[in-house]
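Coordinates from start-v8.tsv are shown below (TSV, C-alpha atoms).
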chain	number	residue	atom	x	y	z
A	109	MET	CA	-5.16	-77.93	-18.56
A	110	ILE	CA	-4.83	-75.19	-15.93
A	111	ARG	CA	-1.74	-75.67	-13.83
A	112	GLN	CA	-2.39	-73.40	-10.86
A	113	PRO	CA	0.21	-74.97	-8.54
A	114	ILE	CA	2.87	-74.64	-11.22
A	115	LEU	CA	1.90	-71.06	-11.99
A	116	LEU	CA	2.30	-70.33	-8.28
A	117	ILE	CA	5.81	-71.78	-8.43
A	118	ALA	CA	6.57	-69.53	-11.37
A	119	ALA	CA	5.23	-66.49	-9.49
A	120	LEU	CA	7.29	-67.27	-6.41
A	121	LEU	CA	10.36	-67.75	-8.55
A	122	PHE	CA	9.70	-64.40	-10.20
A	123	ILE	CA	9.41	-62.63	-6.85
A	124	SER	CA	12.56	-64.28	-5.59
A	125	LEU	CA	14.55	-63.56	-8.72
A	126	SER	CA	13.36	-59.95	-8.84
A	127	SER	CA	15.02	-59.32	-5.51
A	128	CYS	CA	18.43	-60.37	-6.82
A	129	ASP	CA	20.96	-58.37	-8.76
A	130	ASP	CA	20.54	-58.60	-12.53
A	131	GLU	CA	23.78	-60.51	-12.96
A	132	ASN	CA	22.55	-63.26	-10.59
A	133	GLN	CA	19.16	-63.75	-12.23
A	134	GLU	CA	18.27	-67.08	-13.80
A	135	PRO	CA	15.64	-67.77	-16.48
A	136	GLN	CA	12.08	-67.67	-15.15
A	137	LEU	CA	10.21	-70.97	-15.23
A	138	GLN	CA	7.49	-70.65	-17.86
A	139	ILE	CA	4.95	-73.44	-18.21
A	140	PRO	CA	3.28	-73.76	-21.63
A	141	ASN	CA	-0.09	-75.44	-22.09
A	142	THR	CA	1.32	-77.99	-24.53
A	143	TYR	CA	4.56	-79.90	-24.94
A	144	SER	CA	5.95	-77.16	-27.19
A	145	PHE	CA	9.26	-75.42	-26.55
A	146	GLU	CA	11.23	-73.06	-28.73
A	147	ARG	CA	14.67	-71.49	-28.91
A	148	ASN	CA	15.35	-68.58	-31.22
A	149	GLY	CA	11.91	-68.95	-32.77
A	150	GLN	CA	12.33	-72.63	-33.65
A	151	SER	CA	11.23	-75.80	-31.91
A	152	SER	CA	13.76	-77.28	-29.51
A	153	VAL	CA	11.80	-80.55	-29.20
A	154	ASN	CA	12.80	-83.72	-31.06
A	155	TYR	CA	11.76	-87.34	-30.49
A	156	ALA	CA	11.77	-88.60	-34.06
A	157	GLY	CA	13.40	-91.91	-33.11
A	158	GLN	CA	10.57	-92.71	-30.72
A	159	LEU	CA	7.94	-91.92	-33.34
A	160	THR	CA	9.74	-94.30	-35.69
A	161	ARG	CA	9.72	-97.12	-33.18
A	162	ARG	CA	6.06	-96.53	-32.41
A	163	ASP	CA	5.33	-96.92	-36.14
A	164	MET	CA	7.41	-100.10	-36.17
A	165	LEU	CA	5.31	-101.60	-33.38
A	166	SER	CA	2.15	-100.69	-35.29
A	167	ALA	CA	3.51	-102.58	-38.30
A	168	ILE	CA	4.36	-105.61	-36.15
A	169	LYS	CA	0.83	-105.61	-34.71
A	170	SER	CA	-0.61	-105.49	-38.22
A	171	GLU	CA	1.40	-108.55	-39.25
A	172	VAL	CA	0.50	-110.50	-36.10
A	173	SER	CA	-3.21	-109.67	-36.43
A	174	LYS	CA	-3.34	-111.58	-39.72
A	175	GLY	CA	-3.71	-114.63	-37.51
A	176	ASP	CA	-6.90	-113.19	-36.04
A	177	LYS	CA	-8.27	-113.05	-39.61
A	178	GLY	CA	-7.44	-116.70	-40.24
A	179	GLU	CA	-4.39	-115.90	-42.35
A	180	GLU	CA	-0.78	-117.07	-42.08
A	181	VAL	CA	1.69	-114.97	-40.12
A	182	SER	CA	5.39	-114.97	-41.04
A	183	SER	CA	7.80	-115.16	-38.13
A	184	GLN	CA	10.64	-114.15	-40.46
A	185	VAL	CA	8.80	-110.95	-41.33
A	186	LEU	CA	8.28	-110.29	-37.62
A	187	LEU	CA	11.93	-110.95	-36.84
A	188	ASN	CA	12.97	-108.65	-39.67
A	189	MET	CA	10.65	-105.94	-38.37
A	190	PHE	CA	11.94	-106.43	-34.82
A	191	ALA	CA	15.56	-105.96	-35.93
A	192	ASN	CA	14.80	-103.73	-38.96
A	193	GLU	CA	16.58	-106.04	-41.39
A	194	ASN	CA	15.92	-106.88	-45.05
A	195	ASP	CA	13.53	-103.95	-45.69
A	196	PRO	CA	10.50	-105.48	-43.93
A	197	PHE	CA	8.35	-102.35	-43.73
A	198	ALA	CA	6.04	-100.91	-46.36
A	199	SER	CA	7.51	-97.52	-45.47
A	200	GLN	CA	11.02	-96.95	-46.78
A	201	ASP	CA	11.41	-94.26	-44.14
A	202	LEU	CA	11.22	-97.00	-41.52
A	203	ASN	CA	13.51	-99.34	-43.45
A	204	THR	CA	16.22	-96.67	-43.78
A	205	SER	CA	15.75	-95.08	-40.36
A	206	GLY	CA	18.61	-96.89	-38.67
A	207	LYS	CA	16.23	-97.59	-35.77
A	208	GLU	CA	14.94	-100.90	-34.43
A	209	LEU	CA	12.96	-102.33	-31.54
A	210	GLU	CA	15.09	-105.33	-30.70
A	211	ASP	CA	18.08	-103.38	-29.39
A	212	LYS	CA	15.78	-101.32	-27.13
A	213	THR	CA	13.94	-104.33	-25.68
A	214	PHE	CA	14.55	-105.39	-22.08
A	215	LEU	CA	17.42	-107.79	-22.69
A	216	ALA	CA	16.09	-110.72	-20.68
A	217	ASP	CA	12.84	-110.64	-22.70
A	218	VAL	CA	14.23	-110.51	-26.25
A	219	GLN	CA	14.04	-114.27	-26.72
A	220	TRP	CA	10.52	-114.33	-25.23
A	221	PHE	CA	9.27	-112.19	-28.09
A	222	LYS	CA	11.20	-114.12	-30.73
A	223	ASP	CA	9.62	-117.32	-29.43
A	224	LEU	CA	6.18	-115.67	-29.56
A	225	PHE	CA	6.81	-114.69	-33.20
A	226	LEU	CA	7.57	-118.30	-34.10
A	227	GLU	CA	4.63	-119.65	-32.13
A	228	THR	CA	2.30	-117.17	-33.85
A	229	GLU	CA	3.48	-118.41	-37.24
A	230	ASN	CA	3.07	-122.06	-36.28
A	231	MET	CA	-0.42	-121.59	-34.85
A	232	SER	CA	-1.59	-119.45	-37.77
A	233	LYS	CA	-0.34	-122.01	-40.28
A	234	ALA	CA	-1.96	-124.82	-38.33
A	235	TYR	CA	-5.26	-122.95	-38.41
A	236	VAL	CA	-5.07	-122.31	-42.16
A	237	ALA	CA	-4.37	-126.01	-42.73
A	238	ASN	CA	-7.10	-127.16	-40.34
A	239	PRO	CA	-9.47	-124.43	-39.08
A	240	THR	CA	-10.00	-125.13	-35.39
A	241	GLU	CA	-12.10	-123.36	-32.82
A	242	ALA	CA	-10.17	-122.71	-29.63
A	243	ALA	CA	-11.11	-124.97	-26.73
A	244	ASP	CA	-9.70	-125.82	-23.31
A	245	GLY	CA	-6.15	-126.92	-24.04
A	246	VAL	CA	-6.60	-126.42	-27.79
A	247	ALA	CA	-5.19	-123.48	-29.78
A	248	GLY	CA	-7.34	-121.87	-32.47
A	249	ARG	CA	-9.57	-118.93	-33.26
A	250	ILE	CA	-12.42	-117.84	-31.05
A	251	GLU	CA	-15.10	-115.21	-31.53
A	252	ARG	CA	-15.49	-112.33	-29.12
A	253	GLY	CA	-19.13	-112.59	-28.15
A	254	THR	CA	-21.30	-112.30	-31.26
A	255	SER	CA	-19.28	-109.42	-32.70
A	256	GLY	CA	-17.95	-111.29	-35.72
A	257	LYS	CA	-14.44	-110.44	-34.45
A	258	PHE	CA	-12.13	-113.39	-33.90
A	259	ILE	CA	-8.80	-113.74	-32.16
A	260	LEU	CA	-6.08	-116.37	-32.53
A	261	VAL	CA	-5.09	-117.84	-29.17
A	262	ASN	CA	-2.79	-120.56	-27.91
A	263	GLU	CA	-3.90	-123.51	-25.80
A	264	LYS	CA	-3.95	-121.28	-22.69
A	265	GLY	CA	-6.14	-118.64	-24.32
A	266	TRP	CA	-3.31	-116.14	-24.81
A	267	GLU	CA	-4.10	-113.78	-27.68
A	268	TYR	CA	-0.95	-113.38	-29.76
A	269	THR	CA	-1.78	-109.88	-30.98
A	270	GLN	CA	-2.20	-108.53	-27.46
A	271	PHE	CA	0.75	-110.40	-25.98
A	272	ILE	CA	3.10	-109.03	-28.61
A	273	GLU	CA	1.79	-105.46	-28.81
A	274	LYS	CA	1.16	-104.87	-25.10
A	275	GLY	CA	4.23	-106.88	-24.19
A	276	LEU	CA	6.50	-104.69	-26.32
A	277	MET	CA	4.83	-101.57	-24.92
A	278	GLY	CA	6.29	-102.62	-21.59
A	279	ALA	CA	9.55	-104.25	-22.65
A	280	VAL	CA	10.54	-101.42	-25.00
A	281	PHE	CA	8.62	-98.21	-24.34
A	282	LEU	CA	8.18	-98.33	-20.57
A	283	HIS	CA	11.54	-99.98	-20.01
A	284	GLN	CA	13.28	-97.28	-22.03
A	285	ILE	CA	11.51	-94.48	-20.17
A	286	TYR	CA	12.30	-95.97	-16.77
A	287	ASN	CA	15.73	-97.46	-17.22
A	288	THR	CA	17.31	-95.25	-19.86
A	289	TYR	CA	15.83	-91.79	-20.30
A	290	LEU	CA	14.82	-90.99	-16.72
A	291	THR	CA	18.14	-92.16	-15.28
A	292	ASP	CA	20.92	-89.89	-14.07
A	293	ASN	CA	22.99	-90.93	-17.07
A	294	ARG	CA	20.50	-89.17	-19.35
A	295	ILE	CA	18.78	-86.48	-17.28
A	296	GLY	CA	20.92	-86.15	-14.16
A	297	ASN	CA	22.01	-82.73	-12.94
A	298	ASP	CA	25.45	-83.17	-14.51
A	299	VAL	CA	24.17	-83.87	-18.03
A	300	GLU	CA	25.06	-81.06	-20.46
A	301	ASN	CA	22.32	-78.45	-20.55
A	302	THR	CA	24.09	-75.35	-21.85
A	303	ASP	CA	25.75	-76.27	-25.13
A	304	MET	CA	23.58	-77.49	-27.98
A	305	VAL	CA	23.97	-80.89	-29.60
A	306	GLU	CA	26.05	-80.23	-32.71
A	307	GLY	CA	23.83	-79.03	-35.53
A	308	LYS	CA	20.68	-79.14	-33.38
A	309	ASN	CA	18.51	-76.69	-31.46
A	310	TYR	CA	18.47	-78.56	-28.17
A	311	THR	CA	20.80	-79.54	-25.36
A	312	PRO	CA	21.50	-83.21	-24.54
A	313	LEU	CA	19.41	-82.93	-21.36
A	314	GLU	CA	16.45	-81.44	-23.22
A	315	HIS	CA	16.66	-84.10	-25.90
A	316	HIS	CA	16.74	-87.00	-23.45
A	317	TRP	CA	13.63	-85.70	-21.67
A	318	ASP	CA	11.94	-85.37	-25.08
A	319	GLU	CA	12.81	-88.96	-25.90
A	320	ALA	CA	11.11	-90.17	-22.72
A	321	PHE	CA	8.05	-88.16	-23.75
A	322	GLY	CA	8.17	-89.70	-27.23
A	323	TYR	CA	7.88	-93.21	-25.82
A	324	TYR	CA	4.84	-92.14	-23.76
A	325	GLY	CA	2.68	-91.64	-26.84
A	326	ALA	CA	0.73	-88.40	-26.33
A	327	PRO	CA	0.64	-85.65	-28.96
A	328	ALA	CA	2.03	-82.29	-27.85
A	329	ASP	CA	-1.45	-80.98	-26.98
A	330	PHE	CA	-2.52	-84.00	-24.88
A	331	PRO	CA	-5.95	-84.40	-26.54
A	332	ARG	CA	-7.39	-87.30	-24.48
A	333	ASP	CA	-8.70	-88.97	-27.61
A	334	ASP	CA	-7.78	-91.43	-30.35
A	335	ASP	CA	-4.63	-89.47	-31.14
A	336	ASP	CA	-3.15	-90.76	-27.89
A	337	LYS	CA	-1.10	-93.88	-28.52
A	338	TYR	CA	0.30	-96.67	-26.39
A	339	TRP	CA	0.93	-95.61	-22.77
A	340	ALA	CA	-0.79	-92.25	-23.20
A	341	LYS	CA	-3.90	-94.09	-24.35
A	342	TYR	CA	-3.93	-96.43	-21.36
A	343	ALA	CA	-3.08	-93.72	-18.83
A	344	GLY	CA	-6.48	-92.15	-19.36
A	345	PRO	CA	-8.64	-92.36	-22.49
A	346	ALA	CA	-8.93	-96.16	-22.45
A	347	LEU	CA	-9.65	-96.55	-18.74
A	348	GLY	CA	-13.25	-95.38	-18.82
A	349	THR	CA	-12.86	-93.05	-15.85
A	350	THR	CA	-13.39	-89.29	-15.79
A	351	PRO	CA	-10.54	-86.94	-14.81
A	352	GLU	CA	-12.47	-86.22	-11.62
A	353	GLN	CA	-12.41	-89.91	-10.71
A	354	LEU	CA	-8.82	-90.63	-11.71
A	355	ASP	CA	-6.44	-88.33	-13.58
A	356	ILE	CA	-3.18	-90.16	-14.15
A	357	TYR	CA	-3.19	-88.70	-17.65
A	358	GLY	CA	-3.37	-85.13	-16.33
A	359	ALA	CA	-0.64	-85.80	-13.77
A	360	LEU	CA	1.63	-87.13	-16.50
A	361	GLU	CA	0.82	-84.15	-18.71
A	362	ASP	CA	1.85	-81.78	-15.92
A	363	ALA	CA	5.01	-83.73	-15.14
A	364	PHE	CA	6.23	-83.97	-18.72
A	365	ILE	CA	5.57	-80.31	-19.54
A	366	THR	CA	6.74	-78.87	-16.22
A	367	GLY	CA	9.89	-80.98	-16.18
A	368	ARG	CA	10.79	-79.87	-19.70
A	369	ALA	CA	10.19	-76.23	-18.76
A	370	ALA	CA	12.39	-76.65	-15.70
A	371	ILE	CA	15.18	-78.05	-17.86
A	372	ALA	CA	14.91	-75.07	-20.20
A	373	ALA	CA	15.13	-72.76	-17.18
A	374	GLY	CA	17.99	-74.70	-15.63
A	375	ASP	CA	15.94	-75.56	-12.53
A	376	MET	CA	17.20	-79.01	-11.60
A	377	ALA	CA	15.20	-79.24	-8.37
A	378	ILE	CA	11.85	-78.93	-10.14
A	379	LYS	CA	13.08	-81.20	-12.94
A	380	ASN	CA	13.88	-83.89	-10.39
A	381	GLU	CA	10.48	-83.50	-8.72
A	382	GLN	CA	8.80	-84.04	-12.07
A	383	ARG	CA	10.95	-87.06	-12.83
A	384	ASP	CA	9.77	-88.60	-9.56
A	385	ALA	CA	6.19	-87.86	-10.60
A	386	LEU	CA	6.73	-89.61	-13.93
A	387	TYR	CA	8.03	-92.74	-12.25
A	388	LYS	CA	5.06	-92.79	-9.88
A	389	GLN	CA	2.33	-92.03	-12.40
A	390	LEU	CA	3.55	-94.37	-15.14
A	391	GLU	CA	3.65	-97.23	-12.65
A	392	LEU	CA	0.17	-96.26	-11.52
A	393	ALA	CA	-0.99	-96.28	-15.16
A	394	ALA	CA	0.12	-99.89	-15.61
A	395	ALA	CA	-1.61	-100.92	-12.38
A	396	ALA	CA	-4.81	-99.05	-13.30
A	397	ALA	CA	-4.87	-100.63	-16.76
A	398	SER	CA	-4.47	-104.05	-15.13
A	399	LEU	CA	-7.47	-103.38	-12.89
A	400	HIS	CA	-9.49	-102.07	-15.82
A	401	TYR	CA	-9.05	-105.25	-17.81
A	402	ILE	CA	-9.57	-107.46	-14.78
A	403	ASN	CA	-12.97	-105.80	-14.37
A	404	ASN	CA	-13.71	-106.45	-18.04
A	405	ALA	CA	-12.66	-110.06	-17.62
A	406	LYS	CA	-14.99	-110.52	-14.64
A	407	ALA	CA	-17.88	-109.22	-16.73
A	408	ASP	CA	-16.89	-111.61	-19.54
A	409	LEU	CA	-16.97	-114.55	-17.14
A	410	SER	CA	-20.46	-113.59	-16.02
A	411	ALA	CA	-21.56	-113.45	-19.67
A	412	ASN	CA	-19.73	-116.71	-20.49
A	413	ASP	CA	-17.96	-114.84	-23.29
A	414	MET	CA	-14.67	-116.70	-23.52
A	415	GLY	CA	-13.39	-114.84	-26.58
A	416	SER	CA	-13.68	-111.45	-24.88
A	417	LEU	CA	-12.35	-112.96	-21.65
A	418	PHE	CA	-9.16	-114.06	-23.41
A	419	HIS	CA	-8.79	-110.70	-25.14
A	420	HIS	CA	-9.13	-108.74	-21.92
A	421	LEU	CA	-7.01	-111.11	-19.86
A	422	SER	CA	-4.25	-110.92	-22.47
A	423	GLU	CA	-4.21	-107.17	-21.92
A	424	ALA	CA	-4.39	-107.46	-18.14
A	425	TYR	CA	-1.57	-110.01	-18.13
A	426	ASN	CA	0.80	-107.79	-20.06
A	427	PHE	CA	-0.02	-104.59	-18.18
A	428	THR	CA	0.66	-106.45	-14.95
A	429	MET	CA	3.89	-107.86	-16.37
A	430	ALA	CA	4.93	-104.31	-17.32
A	431	LEU	CA	5.11	-103.44	-13.63
A	432	LYS	CA	8.34	-105.42	-13.38
A	433	TYR	CA	10.28	-102.87	-15.43
A	434	HIS	CA	10.03	-100.16	-12.77
A	435	PRO	CA	13.40	-100.08	-10.95
A	436	GLN	CA	11.76	-99.24	-7.59
A	437	LYS	CA	8.32	-100.74	-8.12
A	438	LYS	CA	5.89	-100.67	-5.21
A	439	ILE	CA	4.56	-104.16	-5.85
A	440	SER	CA	6.81	-107.13	-5.08
A	441	GLN	CA	8.00	-109.41	-7.84
A	442	ASN	CA	6.51	-112.30	-5.87
A	443	ASP	CA	3.08	-110.69	-6.10
A	444	ILE	CA	3.52	-110.02	-9.82
A	445	ASP	CA	4.43	-113.67	-10.34
A	446	ALA	CA	1.47	-114.82	-8.24
A	447	ILE	CA	-0.95	-112.70	-10.27
A	448	LEU	CA	0.45	-113.94	-13.58
A	449	ASN	CA	0.81	-117.59	-12.68
A	450	THR	CA	-2.04	-118.18	-10.22
A	451	ASP	CA	-4.64	-115.41	-10.24
A	452	TYR	CA	-4.76	-115.27	-14.05
A	453	GLY	CA	-5.17	-119.04	-14.07
A	454	THR	CA	-2.99	-121.97	-13.10
A	455	ASP	CA	0.36	-121.40	-14.82
A	456	GLY	CA	-1.33	-118.52	-16.63
A	457	ASP	CA	-3.95	-120.80	-18.20
A	458	PHE	CA	-6.89	-118.48	-18.82
A	459	TRP	CA	-9.29	-121.42	-19.10
A	460	THR	CA	-8.87	-121.96	-15.34
A	461	VAL	CA	-9.46	-118.38	-14.20
A	462	SER	CA	-12.36	-117.55	-11.88
A	463	VAL	CA	-13.98	-114.47	-10.39
A	464	THR	CA	-12.36	-115.41	-7.08
A	465	SER	CA	-8.88	-115.58	-8.59
A	466	LEU	CA	-9.42	-112.27	-10.39
A	467	ASN	CA	-10.51	-110.67	-7.12
A	468	ASP	CA	-7.30	-112.01	-5.59
A	469	ALA	CA	-5.32	-110.28	-8.34
A	470	MET	CA	-7.17	-107.03	-7.68
A	471	ALA	CA	-6.47	-107.28	-3.96
A	472	LYS	CA	-2.72	-107.61	-4.55
A	473	LEU	CA	-2.72	-104.63	-6.88
A	474	ILE	CA	-4.76	-102.46	-4.51
A	475	ALA	CA	-2.49	-103.38	-1.60
A	476	ALA	CA	0.48	-102.07	-3.59
A	477	TYR	CA	-1.37	-99.09	-5.08
A	478	PRO	CA	-3.93	-97.90	-2.51
A	479	GLU	CA	-4.47	-94.72	-4.56
A	480	LEU	CA	-6.61	-96.88	-6.85
A	481	ASP	CA	-8.85	-98.31	-4.14
A	482	ASN	CA	-11.63	-95.74	-4.55
A	483	VAL	CA	-11.88	-96.38	-8.30
A	484	LYS	CA	-11.18	-100.10	-8.46
A	485	ASP	CA	-14.78	-100.97	-9.27
A	486	ILE	CA	-15.32	-98.27	-11.90
A	487	LEU	CA	-12.12	-98.71	-13.86

Go ahead and render the structure in this file as structure tokens.
Amino acid sequence: MIRQPILLIAALLFISLSSCDDENQEPQLQIPNTYSFERNGQSSVNYAGQLTRRDMLSAIKSEVSKGDKGEEVSSQVLLNMFANENDPFASQDLNTSGKELEDKTFLADVQWFKDLFLETENMSKAYVANPTEAADGVAGRIERGTSGKFILVNEKGWEYTQFIEKGLMGAVFLHQIYNTYLTDNRIGNDVENTDMVEGKNYTPLEHHWDEAFGYYGAPADFPRDDDDKYWAKYAGPALGTTPEQLDIYGALEDAFITGRAAIAAGDMAIKNEQRDALYKQLELAAAAASLHYINNAKADLSANDMGSLFHHLSEAYNFTMALKYHPQKKISQNDIDAILNTDYGTDGDFWTVSVTSLNDAMAKLIAAYPELDNVKDIL
């Protein structure tokens, strides 16, 4: 991606710095094309812990999705994976990593996920014992159209796989970016940025920015393809819009790379500008993903495809719920609650949703995020 505005900043900095005495010069801001930074010929980037937790969530999703196949799901396995106890993963690297998801989950939601694990087990076992097609008020499996793909849902139509995966994307990954790694405690101007972490090739400030990037899910070269995971996937590649129509992905790419370059150059003003951009664009990504899946759900209603409706609404529900983790979110909590508990069906019962109620959800989201108004119908 060409970053002309940032290159202009670099040029202006160069002109300004060239007019100073040598002893007063600071490092020039240099913006690479990828999230790749070096010191003394070696990478200064490390977010291994975030990669580990992303792999842990993938393993949890794999276990939960057994229910979609008509197989039993073990809540004890899910709890062990959540807390990384009793060697639950096929990968010993994960088992011995010392990392877990539970201690990084938004505290008030930890029990929510544990309850979902148990409910998934109970519903999957009930299905194995007595195969039941999902119906209004009845949990079971339901086919998505005529695809041959089934999902396990509760009596409200909530798809367990999507509620757990997308829910943890918000409660762990987005929450950690917002409320840990972008805070002043981790990347404020007073955080150490001269001395290296002992035995490492990065400063504490550099490392904390890297960890926020690790939770985002994009590879270093921002490919806009299947290599993008989790929030990086839903900030662009999964939305179905072109960069010309909506480029949250590109804005996040610029912010992550430019902010990291600013940290390396000791430019706290530009770093802070890019942090603000990350807060804005990540919130916008969650809102855009909500609108995207609302549009899918409206199409499913028109086609009377209840299986796909429940799948897409499960995604919309959790992307909307993820908005609550932003510490200065633009949308009110009352509107989030109204979308979840009314617009997505009475008390969140997907069987009761309508095109009118989905349009009401869209209207609340657009009111809070008017930047999405021009693309609301093409997302």

Enumerate, in order of chain and increasing residue number, the residues of stretch 438-474 of chain A with an atom no farther than 8 Å from stretch 254-264 of chain A, each with its shortest atom pair and distance in Å to one decimal, counting all atoms listed in the file, as a tab-separated table.
residue	atom	partner	partner_atom	distance
A:Gly456	CA	A:Lys264	CA	7.2
A:Asp457	CA	A:Lys264	CA	4.5
A:Phe458	CA	A:Lys264	CA	5.6
A:Trp459	CA	A:Lys264	CA	6.4

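Of note, atom CA of A:Phe330 and atom CA of A:Thr366 are spaced 13.7 Å apart.
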
List the spatial neighbours of stretch 187-201 of chain A as number ranges by chain - criterion: any atom at most 7 Å away, all atoms listed in the file, same-chain residues fewer than 6 positions off excluded. A: 168, 208-210, 222

Item to complete: Name all residues at most 10 Å from A:Asp443 (count only C-alpha atoms; drop same-chain ones fewer than 4 positions away) and give them as a PyMOL selection string.
Response: chain A and resi 439+447-451+469+472-473+476

Task: Non-local contacts of A:Gln389 (12 Å; all atoms listed in the file; under 6 positions in same chain excluded) as number ranges by chain - done: A: 282, 286, 324, 339-340, 342-344, 354-364, 382-383, 395-396, 431, 434, 437-438, 477, 479-480

*Report the distance between atom CA of A:Glu352 and atom CA of A:Leu487 in Å, rounded to one decimal place.*
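Here the two named atoms are 12.7 Å from each other.
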
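The spacing separating atom CA of A:Ile365 from atom CA of A:Asn301 amounts to 16.9 Å.
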
Q.
Considering all atoms listed in the file, can you say which of A:Tyr235, A:Thr349, A:Ala243, A:Gly374 comes closest to A:Asn297?
A.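 Closest to A:Asn297, using all atoms listed in the file: A:Gly374.
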